[in-house]
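> Got a structure for you, written out below as structure tokens; questions coming shortly.
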Amino acid sequence: MGMPSTTHAHPVDAQRLAQEVKDEARAAGFDLCGITTSTPFQEEGQALADWVSRGFHGEMGYMARNSVRSPLPESVVPGARALVVVGLYYGSDRAEADGPTGSVRSESAPTPDTSIEEPPADDPSTLRGRISRYAWGEDYHKVMEPRLERLASFLLSRGATVARYYVDTGPVIDRAAARRAGLGWYGKNTLIITRRGHGSWVFLGEILTDLALPPDAPDEGDCGRCRLCLDACPTGAIVSPYMVDARRCISYLTIEHRGPIPRELRPAIGDHIFGCDICQVVCPHNAKTVAQMHPEFAPRPGTGSRPLLLPLLNITEEEFQRQFHGSPVKRTRRGGLRRNVAVALGNLGDPVAVPELLRALADDGDPLVRGHAAWALGRIGTDEAREGLRQRLQCERDAGVQEEITLSLAGTGGRCA
Ligand code: B12
Ligand code: SF4
Ligand code: SF4
């Protein structure tokens, strides 16, 4: 959130002003811009309250707190009259190294990513995880905020006395604002799907202002009878059209959730170590994206979109800070990322990972990582893995890790889930 302080008054014709705002949004680097009124988002506010009352927000306490204020932009910024909503494309025109996850349907058309280097032929480890597209490059908050700042200053220079911007973290429901400002419609996966060749690969943000701007028509598009995303979601997180139970969503489990990942959900996480794109990759509207990619969102050198897992299992705090400086991946913290890496190694099931997992189980100072390494070893299930688990059980002091080891040895690593 931010608020430039300069104020100038230059009343001009409202329609022309709206066009100037959109031109400025484009000049600032946004792909999409629409305008809506600041009237309450009644229907979406009710849906948000229902979502919270069903506990679908999990540990995201800020969602429960925001559900009170979100439907009412005017209570956030008194005197607000309009919302200027922007979209920034983060898709990529480069090929992925080895295609989408196994659970992704064949009709999916992942945006290719040729920037990923194949491992050298003599590399003993080809075990790779998967980072979701929104996190391949720079943190979108950092990319969007200066652009929103510029657009907010423009509104102030055209007569606004207030122009407060938000991206993601604010009390405005970004998607509700985007739909009503005509940027796109709600897909059944709950993402906003645009009509301008960007599919759902867009970040959203908005500026609340007291400038009188004529609203655009809401986007009334819909998915018709398609339900590809519901069927493809590996954890059943899209519990019904337009409703995601975050507690089951891989994105939530690998990014927002702290502590152990529920055992019964670990197998479905596959090789995802940060976020998930399955419900977008299968969407036919994402097969047709034609927009130019922004270089800020291209995969970062050295990490890419499919990083090698074993080096990440051992990453030090210093290396983690250096490798993920300015990246969204930092959000999961070092312990969370290594927890996710252990789960992915367990799911890949390759015995080549056993020595490193045993080392993590024996030496790692973080019980979260030890516990998930135990799970991974149980899931790989070779004699070496099981023997290592048995030995460790003799000296492990943490009750949670002891339980993980015992369950792994009992063979309840979740293969049947
Ligand atoms: C909390 C959150 C999450 C949670 C919960 C997701 C969820 N679906 O609610 C988790 C951590 C799981 C998550 C995951 C992801 N997120 Co997120 N997330 C948010 C956040 C902060 C709030 C979303 C929210 O309000 N959820 C509450 C529920 C109730 O809202 P909703 O899902 O939008 O539901 C609406 C519909 O149900 C609608 N509705 C109700 N009834 C009906 C009936 C009909 C007929 C229709 C059409 C609609 C409708 O009204 C509801 C309220 O708006 C927003 C940023 C923001 N401040 O808005 C980003 C945001 C939604 N996330 C975003 C992204 C990119 C993702 C991921 C793709 C990241 C990734 N690759 O891992 C995944 C996608 C998973 C998914 N399928 O949603 C983008 C989405 C951009 C877009 N094009 O839509 C946002 C907008 C961030 C941003 N500023 O760009 N996210
Ligand atoms: S992001 Fe993945 S886990 Fe979450 S709803 Fe979409 S497909 Fe399901
Ligand atoms: S996959 Fe189908 S149902 Fe899901 S959002 Fe895309 S069009 Fe809608």
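Identifiers in the structure tokens: chain A, B, ... in order shown; residue index from 1 per chain; ligand index from 1 in order shown.
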Can you build me a table of chain A residues sitting at most 10 Å from ligand 2, with the closest atom pair per residue and its distance in Å to one decimal, using only C-alpha atoms and all ligand atoms, sorted by chain and residue number, as a Markdown table?

```
| residue | atom | partner | partner_atom_place_in_ligand_line | distance |
| --- | --- | --- | --- | --- |
| A:Ser103 | CA | ligand 2 | 7 (S) | 9.6 |
| A:Val104 | CA | ligand 2 | 7 (S) | 9.1 |
| A:Ser132 | CA | ligand 2 | 1 (S) | 9.0 |
| A:Lys188 | CA | ligand 2 | 5 (S) | 9.8 |
| A:Asn189 | CA | ligand 2 | 5 (S) | 6.4 |
| A:Thr190 | CA | ligand 2 | 5 (S) | 8.5 |
| A:Leu191 | CA | ligand 2 | 6 (Fe) | 9.2 |
| A:Cys229 | CA | ligand 2 | 7 (S) | 6.6 |
| A:Leu230 | CA | ligand 2 | 8 (Fe) | 7.6 |
| A:Asp231 | CA | ligand 2 | 7 (S) | 8.9 |
| A:Ala232 | CA | ligand 2 | 7 (S) | 6.4 |
| A:Cys233 | CA | ligand 2 | 7 (S) | 3.8 |
| A:Pro234 | CA | ligand 2 | 8 (Fe) | 6.0 |
| A:Thr235 | CA | ligand 2 | 3 (S) | 5.7 |
| A:Gly236 | CA | ligand 2 | 8 (Fe) | 6.3 |
| A:Ala237 | CA | ligand 2 | 5 (S) | 4.9 |
| A:Ile238 | CA | ligand 2 | 5 (S) | 5.2 |
| A:Val239 | CA | ligand 2 | 5 (S) | 8.8 |
| A:Met243 | CA | ligand 2 | 5 (S) | 9.0 |
| A:Val244 | CA | ligand 2 | 5 (S) | 6.0 |
| A:Asp245 | CA | ligand 2 | 5 (S) | 7.8 |
| A:Ala246 | CA | ligand 2 | 4 (Fe) | 7.3 |
| A:Arg247 | CA | ligand 2 | 4 (Fe) | 9.2 |
| A:Arg248 | CA | ligand 2 | 3 (S) | 6.7 |
| A:Cys249 | CA | ligand 2 | 4 (Fe) | 3.8 |
| A:Ile250 | CA | ligand 2 | 3 (S) | 4.1 |
| A:Ser251 | CA | ligand 2 | 1 (S) | 5.4 |
| A:Tyr252 | CA | ligand 2 | 4 (Fe) | 7.4 |
| A:Leu253 | CA | ligand 2 | 3 (S) | 8.7 |
| A:Thr254 | CA | ligand 2 | 3 (S) | 9.9 |
| A:Ala268 | CA | ligand 2 | 3 (S) | 8.7 |
| A:Ile269 | CA | ligand 2 | 3 (S) | 7.8 |
| A:His272 | CA | ligand 2 | 2 (Fe) | 9.3 |
| A:Gly275 | CA | ligand 2 | 1 (S) | 6.8 |
| A:Cys276 | CA | ligand 2 | 1 (S) | 4.4 |
| A:Asp277 | CA | ligand 2 | 1 (S) | 5.3 |
| A:Ile278 | CA | ligand 2 | 7 (S) | 4.3 |
| A:Cys279 | CA | ligand 2 | 7 (S) | 4.0 |
| A:Gln280 | CA | ligand 2 | 6 (Fe) | 7.0 |
| A:Val281 | CA | ligand 2 | 7 (S) | 8.8 |
| A:Val282 | CA | ligand 2 | 7 (S) | 8.9 |
```
> Write out as a PyMOL selection string each polymer residue whose atoms come within 10 Å of A:Glu220, counting only C-alpha atoms; drop sequence neighbours fewer than 6 positions from it.
chain A and resi 179-180+182+184-186
> Enumerate as a PDB file with N, CA, C and O atoms, in the first residue's frame all residues of stretch 159-228 of chain A assigned to helix (DSSP H, G or I) by DSSP on the backbone, naming them with the chain letters and numbers the document uses.

```pdb
ATOM      1  N   ASP A 174      -9.125  -7.959  -4.818  1.00  0.00           N
ATOM      2  CA  ASP A 174      -8.569  -7.612  -6.134  1.00  0.00           C
ATOM      3  C   ASP A 174      -9.416  -8.169  -7.275  1.00  0.00           C
ATOM      4  O   ASP A 174      -9.663  -7.499  -8.274  1.00  0.00           O
ATOM      5  N   ARG A 175      -9.855  -9.428  -7.123  1.00  0.00           N
ATOM      6  CA  ARG A 175     -10.542 -10.063  -8.248  1.00  0.00           C
ATOM      7  C   ARG A 175     -11.933  -9.482  -8.463  1.00  0.00           C
ATOM      8  O   ARG A 175     -12.385  -9.358  -9.599  1.00  0.00           O
ATOM      9  N   ALA A 176     -12.602  -9.149  -7.343  1.00  0.00           N
ATOM     10  CA  ALA A 176     -13.932  -8.546  -7.481  1.00  0.00           C
ATOM     11  C   ALA A 176     -13.806  -7.205  -8.211  1.00  0.00           C
ATOM     12  O   ALA A 176     -14.605  -6.882  -9.108  1.00  0.00           O
ATOM     13  N   ALA A 177     -12.793  -6.443  -7.851  1.00  0.00           N
ATOM     14  CA  ALA A 177     -12.576  -5.145  -8.493  1.00  0.00           C
ATOM     15  C   ALA A 177     -12.251  -5.338  -9.970  1.00  0.00           C
ATOM     16  O   ALA A 177     -12.766  -4.618 -10.836  1.00  0.00           O
ATOM     17  N   ALA A 178     -11.425  -6.334 -10.274  1.00  0.00           N
ATOM     18  CA  ALA A 178     -11.017  -6.569 -11.667  1.00  0.00           C
ATOM     19  C   ALA A 178     -12.206  -6.973 -12.537  1.00  0.00           C
ATOM     20  O   ALA A 178     -12.353  -6.510 -13.658  1.00  0.00           O
ATOM     21  N   ARG A 179     -13.066  -7.830 -11.987  1.00  0.00           N
ATOM     22  CA  ARG A 179     -14.229  -8.263 -12.776  1.00  0.00           C
ATOM     23  C   ARG A 179     -15.144  -7.064 -13.069  1.00  0.00           C
ATOM     24  O   ARG A 179     -15.563  -6.848 -14.183  1.00  0.00           O
ATOM     25  N   ARG A 180     -15.401  -6.281 -12.016  1.00  0.00           N
ATOM     26  CA  ARG A 180     -16.343  -5.168 -12.207  1.00  0.00           C
ATOM     27  C   ARG A 180     -15.761  -4.067 -13.092  1.00  0.00           C
ATOM     28  O   ARG A 180     -16.490  -3.336 -13.753  1.00  0.00           O
ATOM     29  N   LEU A 228     -12.602 -28.400 -16.552  1.00  0.00           N
ATOM     30  CA  LEU A 228     -11.283 -29.034 -16.613  1.00  0.00           C
ATOM     31  C   LEU A 228     -10.470 -28.779 -15.348  1.00  0.00           C
ATOM     32  O   LEU A 228      -9.792 -29.666 -14.846  1.00  0.00           O
TER      33      LEU A 228
END
```
> Hey, can you check how far atom CA of A:Gly411 sits from atom CA of A:Glu396?
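Computing it gives 18.8 Å between the two atoms.
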> Can you pull out the residues contacting A:Ala47? Cut-off 10 Å, using only C-alpha atoms, and skip same-chain residues under 4 positions away; I want them as a list in words.
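Near A:Ala47, the qualifying residues are Phe41, Gln42, Glu43, Trp51, Val52, Ser53, Ser67, Tyr242 and Met243 of chain A.
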